[in-house]
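Structure below is structure.pdb: PDB, C-alpha atoms, pLDDT in the B column.
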ATOM      1  CA  MET A   1      23.532  24.233  -4.130  1.00 87.00           C
ATOM      2  CA  GLY A   2      26.406  21.903  -4.856  1.00 88.00           C
ATOM      3  CA  LEU A   3      29.227  23.161  -7.062  1.00 90.00           C
ATOM      4  CA  LYS A   4      31.598  21.293  -9.341  1.00 91.00           C
ATOM      5  CA  LEU A   5      34.369  23.463 -10.765  1.00 90.00           C
ATOM      6  CA  ILE A   6      36.664  22.161 -13.486  1.00 92.00           C
ATOM      7  CA  VAL A   7      39.956  24.015 -13.793  1.00 91.00           C
ATOM      8  CA  GLY A   8      42.275  22.494 -16.364  1.00 91.00           C
ATOM      9  CA  THR A   9      42.640  18.830 -15.434  1.00 91.00           C
ATOM     10  CA  ASN A  10      41.525  19.374 -11.816  1.00 89.00           C
ATOM     11  CA  THR A  11      38.041  19.192 -10.369  1.00 91.00           C
ATOM     12  CA  TYR A  12      37.076  21.206  -7.281  1.00 87.00           C
ATOM     13  CA  TYR A  13      33.948  20.664  -5.205  1.00 86.00           C
ATOM     14  CA  GLY A  14      32.073  23.292  -3.231  1.00 86.00           C
ATOM     15  CA  TRP A  15      28.682  24.658  -2.233  1.00 88.00           C
ATOM     16  CA  ALA A  16      26.770  27.953  -2.355  1.00 88.00           C
ATOM     17  CA  ARG A  17      23.840  29.225  -0.284  1.00 88.00           C
ATOM     18  CA  MET A  18      21.528  31.371  -2.365  1.00 88.00           C
ATOM     19  CA  GLN A  19      18.480  33.550  -1.885  1.00 90.00           C
ATOM     20  CA  VAL A  20      15.995  33.337  -4.736  1.00 89.00           C
ATOM     21  CA  VAL A  21      13.180  35.870  -5.118  1.00 91.00           C
ATOM     22  CA  PHE A  22      10.538  34.987  -7.692  1.00 89.00           C
ATOM     23  CA  GLY A  23       8.512  37.633  -9.440  1.00 84.00           C
ATOM     24  CA  SER A  24       8.288  39.458 -12.689  1.00 86.00           C
ATOM     25  CA  GLN A  25      12.060  39.924 -12.452  1.00 86.00           C
ATOM     26  CA  PRO A  26      13.473  37.013 -10.396  1.00 88.00           C
ATOM     27  CA  THR A  27      16.681  37.728  -8.489  1.00 90.00           C
ATOM     28  CA  PHE A  28      19.395  35.387  -7.254  1.00 86.00           C
ATOM     29  CA  THR A  29      21.655  36.463  -4.401  1.00 90.00           C
ATOM     30  CA  ILE A  30      24.633  34.393  -3.235  1.00 86.00           C
ATOM     31  CA  LYS A  31      24.641  34.581   0.562  1.00 86.00           C
ATOM     32  CA  ASP A  32      27.838  32.583   1.163  1.00 84.00           C
ATOM     33  CA  TYR A  33      29.861  29.840  -0.436  1.00 83.00           C
ATOM     34  CA  ALA A  34      32.906  27.593   0.071  1.00 83.00           C
ATOM     35  CA  TYR A  35      34.958  25.150  -1.934  1.00 79.00           C
ATOM     36  CA  ASN A  36      37.714  22.669  -1.222  1.00 78.00           C
ATOM     37  CA  THR A  37      41.038  24.056  -2.414  1.00 78.00           C
ATOM     38  CA  ILE A  38      42.385  20.502  -2.667  1.00 77.00           C
ATOM     39  CA  PRO A  39      41.431  19.121  -6.088  1.00 81.00           C
ATOM     40  CA  ASN A  40      39.273  16.000  -6.369  1.00 79.00           C
ATOM     41  CA  GLN A  41      38.386  16.068  -2.659  1.00 75.00           C
ATOM     42  CA  PRO A  42      34.783  16.346  -1.409  1.00 77.00           C
ATOM     43  CA  ILE A  43      33.271  18.974   0.847  1.00 79.00           C
ATOM     44  CA  ARG A  44      30.123  18.789   2.938  1.00 74.00           C
ATOM     45  CA  ALA A  45      27.300  21.317   2.687  1.00 78.00           C
ATOM     46  CA  GLY A  46      27.930  24.149   5.136  1.00 76.00           C
ATOM     47  CA  GLU A  47      31.515  23.091   5.780  1.00 73.00           C
ATOM     48  CA  THR A  48      33.916  26.060   5.601  1.00 71.00           C
ATOM     49  CA  SER A  49      36.995  24.642   7.308  1.00 70.00           C
ATOM     50  CA  CYS A  50      38.492  21.217   7.954  1.00 70.00           C
ATOM     51  CA  ALA A  51      41.280  19.382   9.708  1.00 73.00           C
ATOM     52  CA  THR A  52      43.393  16.477   8.520  1.00 78.00           C
ATOM     53  CA  PRO A  53      41.494  13.253   9.316  1.00 85.00           C
ATOM     54  CA  THR A  54      42.487  11.001  12.173  1.00 87.00           C
ATOM     55  CA  VAL A  55      42.214   7.214  12.156  1.00 92.00           C
ATOM     56  CA  TYR A  56      43.113   4.213  14.273  1.00 92.00           C
ATOM     57  CA  LEU A  57      42.185   0.552  13.862  1.00 94.00           C
ATOM     58  CA  THR A  58      40.464  -1.826  16.245  1.00 93.00           C
ATOM     59  CA  GLN A  59      39.566  -5.492  15.800  1.00 91.00           C
ATOM     60  CA  SER A  60      36.677  -7.653  16.974  1.00 90.00           C
ATOM     61  CA  GLY A  61      38.804 -10.571  18.127  1.00 81.00           C
ATOM     62  CA  SER A  62      42.057 -12.462  17.593  1.00 79.00           C
ATOM     63  CA  LEU A  63      44.139 -11.695  14.514  1.00 81.00           C
ATOM     64  CA  THR A  64      45.214 -15.354  14.382  1.00 76.00           C
ATOM     65  CA  PHE A  65      42.669 -18.006  13.435  1.00 75.00           C
ATOM     66  CA  CYS A  66      41.998 -21.047  11.256  1.00 72.00           C
ATOM     67  CA  ASN A  67      40.837 -20.925   7.666  1.00 72.00           C
ATOM     68  CA  GLY A  68      37.088 -20.344   7.540  1.00 75.00           C
ATOM     69  CA  ASP A  69      37.101 -17.891  10.450  1.00 81.00           C
ATOM     70  CA  SER A  70      37.535 -14.119  10.247  1.00 89.00           C
ATOM     71  CA  VAL A  71      38.129 -10.932  12.182  1.00 91.00           C
ATOM     72  CA  THR A  72      36.315  -7.611  11.722  1.00 95.00           C
ATOM     73  CA  LEU A  73      38.582  -4.574  11.477  1.00 96.00           C
ATOM     74  CA  THR A  74      37.173  -1.089  12.161  1.00 96.00           C
ATOM     75  CA  ALA A  75      38.604   2.284  11.137  1.00 94.00           C
ATOM     76  CA  ASN A  76      37.845   4.815  13.876  1.00 92.00           C
ATOM     77  CA  GLY A  77      38.391   8.520  13.298  1.00 84.00           C
ATOM     78  CA  THR A  78      37.149  11.650  11.566  1.00 79.00           C
ATOM     79  CA  GLY A  79      37.152  10.531   7.939  1.00 74.00           C
ATOM     80  CA  TYR A  80      34.017   9.778   5.972  1.00 79.00           C
ATOM     81  CA  GLN A  81      35.494   7.989   2.963  1.00 87.00           C
ATOM     82  CA  TYR A  82      37.376   4.720   3.431  1.00 93.00           C
ATOM     83  CA  GLN A  83      39.670   2.520   1.354  1.00 95.00           C
ATOM     84  CA  TRP A  84      41.021  -0.698   2.842  1.00 96.00           C
ATOM     85  CA  LYS A  85      44.362  -2.120   1.711  1.00 95.00           C
ATOM     86  CA  ARG A  86      45.927  -5.566   2.010  1.00 92.00           C
ATOM     87  CA  ASN A  87      49.706  -5.687   1.715  1.00 89.00           C
ATOM     88  CA  ASN A  88      49.564  -2.050   0.482  1.00 89.00           C
ATOM     89  CA  VAL A  89      47.208  -2.911  -2.392  1.00 92.00           C
ATOM     90  CA  ASN A  90      43.664  -1.492  -2.520  1.00 95.00           C
ATOM     91  CA  ILE A  91      40.953  -4.085  -1.854  1.00 95.00           C
ATOM     92  CA  ALA A  92      38.278  -3.688  -4.518  1.00 94.00           C
ATOM     93  CA  GLY A  93      34.948  -2.617  -3.045  1.00 93.00           C
ATOM     94  CA  ALA A  94      36.316  -2.342   0.515  1.00 95.00           C
ATOM     95  CA  THR A  95      35.125   1.213   1.132  1.00 94.00           C
ATOM     96  CA  ALA A  96      33.109   0.839   4.347  1.00 93.00           C
ATOM     97  CA  LYS A  97      34.169   1.777   7.866  1.00 94.00           C
ATOM     98  CA  THR A  98      34.601  -1.919   8.702  1.00 96.00           C
ATOM     99  CA  TYR A  99      36.228  -4.782   6.830  1.00 97.00           C
ATOM    100  CA  VAL A 100      36.005  -8.531   7.477  1.00 96.00           C
ATOM    101  CA  ALA A 101      39.477 -10.038   7.006  1.00 95.00           C
ATOM    102  CA  LYS A 102      39.565 -13.753   6.180  1.00 91.00           C
ATOM    103  CA  THR A 103      43.058 -14.258   4.752  1.00 88.00           C
ATOM    104  CA  ASP A 104      46.690 -13.676   5.711  1.00 82.00           C
ATOM    105  CA  GLY A 105      48.010 -10.187   5.201  1.00 87.00           C
ATOM    106  CA  ILE A 106      48.852  -6.768   6.563  1.00 89.00           C
ATOM    107  CA  TYR A 107      45.715  -4.609   6.581  1.00 94.00           C
ATOM    108  CA  LYS A 108      45.474  -0.815   6.620  1.00 95.00           C
ATOM    109  CA  CYS A 109      42.779   1.754   5.911  1.00 96.00           C
ATOM    110  CA  LYS A 110      43.064   5.120   4.163  1.00 94.00           C
ATOM    111  CA  VAL A 111      40.457   7.638   5.307  1.00 92.00           C
ATOM    112  CA  THR A 112      39.496  10.872   3.588  1.00 87.00           C
ATOM    113  CA  ASN A 113      37.622  13.997   4.598  1.00 81.00           C
ATOM    114  CA  SER A 114      37.305  17.433   3.000  1.00 73.00           C
ATOM    115  CA  CYS A 115      40.844  18.378   4.025  1.00 76.00           C
ATOM    116  CA  GLY A 116      42.718  15.363   2.718  1.00 79.00           C
ATOM    117  CA  SER A 117      43.617  11.753   3.447  1.00 86.00           C
ATOM    118  CA  LYS A 118      45.475   9.825   6.134  1.00 90.00           C
ATOM    119  CA  GLY A 119      46.575   6.201   6.388  1.00 92.00           C
ATOM    120  CA  SER A 120      46.032   4.151   9.513  1.00 93.00           C
ATOM    121  CA  GLY A 121      48.421   1.892  11.328  1.00 91.00           C
ATOM    122  CA  SER A 122      48.379  -1.766  10.339  1.00 91.00           C
ATOM    123  CA  ARG A 123      46.974  -5.037  11.643  1.00 90.00           C
ATOM    124  CA  THR A 124      48.651  -8.325  10.687  1.00 86.00           C
ATOM    125  CA  VAL A 125      46.238 -11.229  10.168  1.00 86.00           C
ATOM    126  CA  THR A 126      47.650 -14.758  10.300  1.00 78.00           C
ATOM    127  CA  VAL A 127      45.788 -17.903   9.224  1.00 77.00           C
ATOM    128  CA  PRO A 128      48.172 -20.736  10.180  1.00 65.00           C
ATOM    129  CA  CYS A 129      45.765 -23.680   9.938  1.00 59.00           C
ATOM    130  CA  ARG A 130      43.292 -24.885   7.359  1.00 53.00           C
ATOM    131  CA  THR A 131      39.952 -26.653   7.025  1.00 45.00           C
ATOM    132  CA  THR A 132      40.052 -30.268   5.805  1.00 44.00           C
ATOM    133  CA  ASP A 133      37.189 -32.246   4.291  1.00 43.00           C
ATOM    134  CA  ASP A 134      36.583 -33.973   7.617  1.00 43.00           C
ATOM    135  CA  ASN A 135      37.188 -31.355  10.254  1.00 39.00           C
ATOM    136  CA  VAL A 136      38.893 -28.136  11.205  1.00 40.00           C
ATOM    137  CA  VAL A 137      42.315 -28.730  12.722  1.00 41.00           C
ATOM    138  CA  GLU A 138      42.674 -26.146  15.492  1.00 43.00           C
ATOM    139  CA  ILE A 139      46.006 -24.670  16.472  1.00 44.00           C
ATOM    140  CA  GLY A 140      47.839 -27.013  18.841  1.00 40.00           C
ATOM    141  CA  GLU A 141      45.116 -29.678  18.777  1.00 48.00           C
ATOM    142  CA  GLN A 142      47.187 -32.648  17.616  1.00 63.00           C
ATOM    143  CA  LEU A 143      50.788 -31.454  17.595  1.00 77.00           C
ATOM    144  CA  SER A 144      52.704 -31.331  20.876  1.00 83.00           C
ATOM    145  CA  VAL A 145      55.863 -29.202  20.963  1.00 88.00           C
ATOM    146  CA  TYR A 146      58.326 -28.804  23.829  1.00 90.00           C
ATOM    147  CA  PRO A 147      60.069 -27.046  25.415  1.00 92.00           C
ATOM    148  CA  ASN A 148      57.842 -24.045  24.841  1.00 88.00           C
ATOM    149  CA  PRO A 149      59.274 -21.393  24.984  1.00 90.00           C
ATOM    150  CA  ALA A 150      62.234 -22.887  23.102  1.00 92.00           C
ATOM    151  CA  THR A 151      65.832 -21.716  22.825  1.00 92.00           C
ATOM    152  CA  ASP A 152      67.771 -24.171  20.624  1.00 92.00           C
ATOM    153  CA  GLN A 153      65.854 -27.369  19.823  1.00 92.00           C
ATOM    154  CA  LEU A 154      62.118 -27.899  19.523  1.00 92.00           C
ATOM    155  CA  ASN A 155      60.829 -31.464  20.039  1.00 90.00           C
ATOM    156  CA  LEU A 156      57.675 -32.621  18.242  1.00 88.00           C
ATOM    157  CA  GLU A 157      55.202 -35.365  19.164  1.00 83.00           C
ATOM    158  CA  PHE A 158      52.230 -36.319  16.966  1.00 74.00           C
ATOM    159  CA  PRO A 159      50.516 -39.461  15.602  1.00 72.00           C
ATOM    160  CA  PHE A 160      52.908 -40.030  12.700  1.00 66.00           C
ATOM    161  CA  PRO A 161      51.483 -42.388  10.026  1.00 62.00           C
ATOM    162  CA  GLU A 162      53.653 -44.135   7.435  1.00 66.00           C
ATOM    163  CA  GLY A 163      55.494 -42.056   4.854  1.00 72.00           C
ATOM    164  CA  ASP A 164      57.263 -38.717   4.745  1.00 81.00           C
ATOM    165  CA  ALA A 165      56.217 -35.421   6.294  1.00 83.00           C
ATOM    166  CA  ILE A 166      57.197 -31.794   5.757  1.00 86.00           C
ATOM    167  CA  ILE A 167      57.771 -29.545   8.766  1.00 89.00           C
ATOM    168  CA  THR A 168      57.305 -25.831   8.137  1.00 88.00           C
ATOM    169  CA  VAL A 169      57.877 -22.912  10.505  1.00 90.00           C
ATOM    170  CA  VAL A 170      56.388 -19.490   9.698  1.00 85.00           C
ATOM    171  CA  ASN A 171      56.431 -16.190  11.548  1.00 82.00           C
ATOM    172  CA  SER A 172      53.485 -13.950  12.427  1.00 71.00           C
ATOM    173  CA  LEU A 173      53.646 -12.352   8.957  1.00 69.00           C
ATOM    174  CA  GLY A 174      53.184 -15.724   7.258  1.00 70.00           C
ATOM    175  CA  GLN A 175      56.790 -15.851   6.026  1.00 80.00           C
ATOM    176  CA  THR A 176      58.346 -19.327   5.822  1.00 83.00           C
ATOM    177  CA  LEU A 177      61.588 -19.422   7.800  1.00 90.00           C
ATOM    178  CA  LEU A 178      62.283 -23.150   8.156  1.00 91.00           C
ATOM    179  CA  LYS A 179      61.317 -26.244   6.196  1.00 89.00           C
ATOM    180  CA  GLN A 180      62.556 -29.806   6.622  1.00 90.00           C
ATOM    181  CA  SER A 181      61.547 -33.368   5.734  1.00 88.00           C
ATOM    182  CA  VAL A 182      61.154 -36.239   8.207  1.00 84.00           C
ATOM    183  CA  THR A 183      60.040 -39.859   7.925  1.00 80.00           C
ATOM    184  CA  SER A 184      58.133 -42.178  10.212  1.00 67.00           C
ATOM    185  CA  ALA A 185      61.399 -44.058  10.791  1.00 59.00           C
ATOM    186  CA  ASP A 186      62.854 -41.118  12.699  1.00 62.00           C
ATOM    187  CA  GLU A 187      62.732 -41.843  16.410  1.00 60.00           C
ATOM    188  CA  ASP A 188      63.093 -38.252  17.620  1.00 74.00           C
ATOM    189  CA  ILE A 189      61.553 -35.401  15.641  1.00 85.00           C
ATOM    190  CA  GLN A 190      63.444 -32.184  16.362  1.00 89.00           C
ATOM    191  CA  VAL A 191      63.629 -28.748  14.753  1.00 92.00           C
ATOM    192  CA  ASN A 192      66.630 -26.467  15.220  1.00 93.00           C
ATOM    193  CA  VAL A 193      65.269 -23.003  16.110  1.00 93.00           C
ATOM    194  CA  GLN A 194      68.531 -21.534  17.391  1.00 92.00           C
ATOM    195  CA  ASP A 195      68.818 -19.007  14.545  1.00 92.00           C
ATOM    196  CA  LEU A 196      65.260 -17.668  14.907  1.00 93.00           C
ATOM    197  CA  SER A 197      64.684 -14.268  16.495  1.00 91.00           C
ATOM    198  CA  GLU A 198      62.670 -14.011  19.689  1.00 88.00           C
ATOM    199  CA  GLY A 199      58.931 -14.041  19.063  1.00 87.00           C
ATOM    200  CA  LEU A 200      55.845 -16.093  18.206  1.00 84.00           C
ATOM    201  CA  TYR A 201      55.985 -18.772  15.474  1.00 87.00           C
ATOM    202  CA  PHE A 202      53.640 -21.315  13.921  1.00 84.00           C
ATOM    203  CA  ILE A 203      54.706 -24.836  13.023  1.00 87.00           C
ATOM    204  CA  THR A 204      53.006 -27.196  10.568  1.00 83.00           C
ATOM    205  CA  VAL A 205      53.577 -30.880   9.925  1.00 84.00           C
ATOM    206  CA  GLN A 206      52.095 -31.955   6.585  1.00 79.00           C
ATOM    207  CA  ASN A 207      51.774 -35.683   5.885  1.00 74.00           C
ATOM    208  CA  GLY A 208      49.841 -36.235   2.662  1.00 69.00           C
ATOM    209  CA  GLU A 209      46.309 -34.974   3.300  1.00 67.00           C
ATOM    210  CA  ARG A 210      46.863 -34.839   7.052  1.00 71.00           C
ATOM    211  CA  ALA A 211      48.147 -31.714   8.749  1.00 73.00           C
ATOM    212  CA  PHE A 212      49.091 -30.956  12.349  1.00 79.00           C
ATOM    213  CA  TYR A 213      49.516 -27.464  13.785  1.00 79.00           C
ATOM    214  CA  SER A 214      50.861 -25.710  16.828  1.00 82.00           C
ATOM    215  CA  ARG A 215      52.581 -22.514  17.859  1.00 82.00           C
ATOM    216  CA  PHE A 216      55.617 -21.827  19.994  1.00 88.00           C
ATOM    217  CA  ILE A 217      57.650 -18.964  21.401  1.00 88.00           C
ATOM    218  CA  LYS A 218      61.349 -18.575  20.694  1.00 90.00           C
ATOM    219  CA  LYS A 219      63.217 -16.897  23.526  1.00 89.00           C
TER     220      LYS A 219
END
With the file now loaded, output its structure as structure tokens.
Amino acid sequence: MGLKLIVGTNTYYGWARMQVVFGSQPTFTIKDYAYNTIPNQPIRAGETSCATPTVYLTQSGSLTFCNGDSVTLTANGTGYQYQWKRNNVNIAGATAKTYVAKTDGIYKCKVTNSCGSKGSGSRTVTVPCRTTDDNVVEIGEQLSVYPNPATDQLNLEFPFPEGDAIITVVNSLGQTLLKQSVTSADEDIQVNVQDLSEGLYFITVQNGERAFYSRFIKK
């Protein structure tokens, strides 16, 4: 029999195993029982002890992809209640063992068992390119960057139409670190990356409705 005990403002959950004898004078005998001493936490039937849950995350594929794609994240461990978070904010309805991430962000999962809760490590999802009306522009498809890895200057080559363009450099967390304007009259398109830390970066050239993407390593 499941138990719900309300003590002040706290609710405790437990169970009891009973022997019932029917007759002219029915008797009820409690054989054993248990309850979770942590308020508002569940307990499974027959469970008399517990250990703090464990959890680690795995993913089905790359954490970097174009808009319209996704990656499935899985919380592995001993919990049986799940709450996914994006940028440390609960995702409404994301209470399954797996979660399909489609947007930029830092994802974690909080798992709970009868003994308490534990947060997982994080996975950073980056969506550096977008879907246009005509096609999906894949990373590095139309934008050539060199040298790669780069140390000081990064040279860009792409089919530059008339007008101005905006060059943007973001890191793996989606944070914008550099932004500059260029025009089709510029003979050499260069970006100064000397002040960037070592690591992986994504570069975008936006010209009206057209966009070109690539990635590079700063060493």
Original post:
What is the distance, in Å and to one decimal place, between atom CA of A:Lys219 and atom CA of A:Ser70?
Top reply: 29.0 Å
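Atom to atom, atom CA of A:Gly14 and atom CA of A:Pro53 stand 18.6 Å apart.
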Subject >> Shortest interatomic distance to A:Val100 - which of A:Gln41, A:Thr183, A:Thr54, A:Thr72, counting only C-alpha atoms >> reply: A:Thr72
Subject >> atom CA of A:Lys108 to atom CA of A:Tyr213, straight-line distance in Å >> reply: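 Value for the atom CA of A:Tyr213-atom CA of A:Lys108 distance: 27.9 Å.
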Subject >> Sphere at (43.4, 8.3, 4.4), radius 10 Å, counting all atoms listed in the file: residues as JSON, numbers by chain >> reply: {"A": [52, 53, 54, 55, 79, 80, 81, 82, 83, 84, 108, 109, 110, 111, 112, 113, 116, 117, 118, 119, 120]}
**OP:** Please identify all polymer residues within 8 Å of A:Tyr107, counting all atoms listed in the file, omitting same-chain residues fewer than 6 positions from it, and present them as a ChimeraX atom specification.
**Re:** /A:84-88,122-125
Original post:
Quick one: of A:Ile38, A:Ile166, A:Ala45, A:Val71, who's nearest to A:Val7, counting all atoms listed in the file?
Top reply: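 Smallest separation from A:Val7 among the options: A:Ile38.
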Original post:
With only C-alpha atoms as the basis for distance, which of A:Val89, A:Cys50, A:Val20, A:Ile203 is at the shortest distance from A:Thr37?
Top reply: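 Counting only C-alpha atoms, the residue closest to A:Thr37 is A:Cys50.
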Original post:
So which residues get picked by the PyMOL selection byres ((chain A and resi 218) around 8) here, written as a list of chain:residue names?
Top reply: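 Taken over the shown coordinates, the PyMOL selection byres ((chain A and resi 218) around 8) returns A:Asn148, A:Pro149, A:Ala150, A:Thr151, A:Val193, A:Leu196, A:Ser197, A:Glu198, A:Gly199, A:Leu200, A:Tyr201, A:Phe216, A:Ile217, A:Lys219.
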**OP:** Determine the residue membership of the PyMOL selection byres ((chain A and resi 102) around 10) for the file above and supply it as a PyMOL selection string.
**Re:** chain A and resi 63+65-72+99-101+103-105+125-127
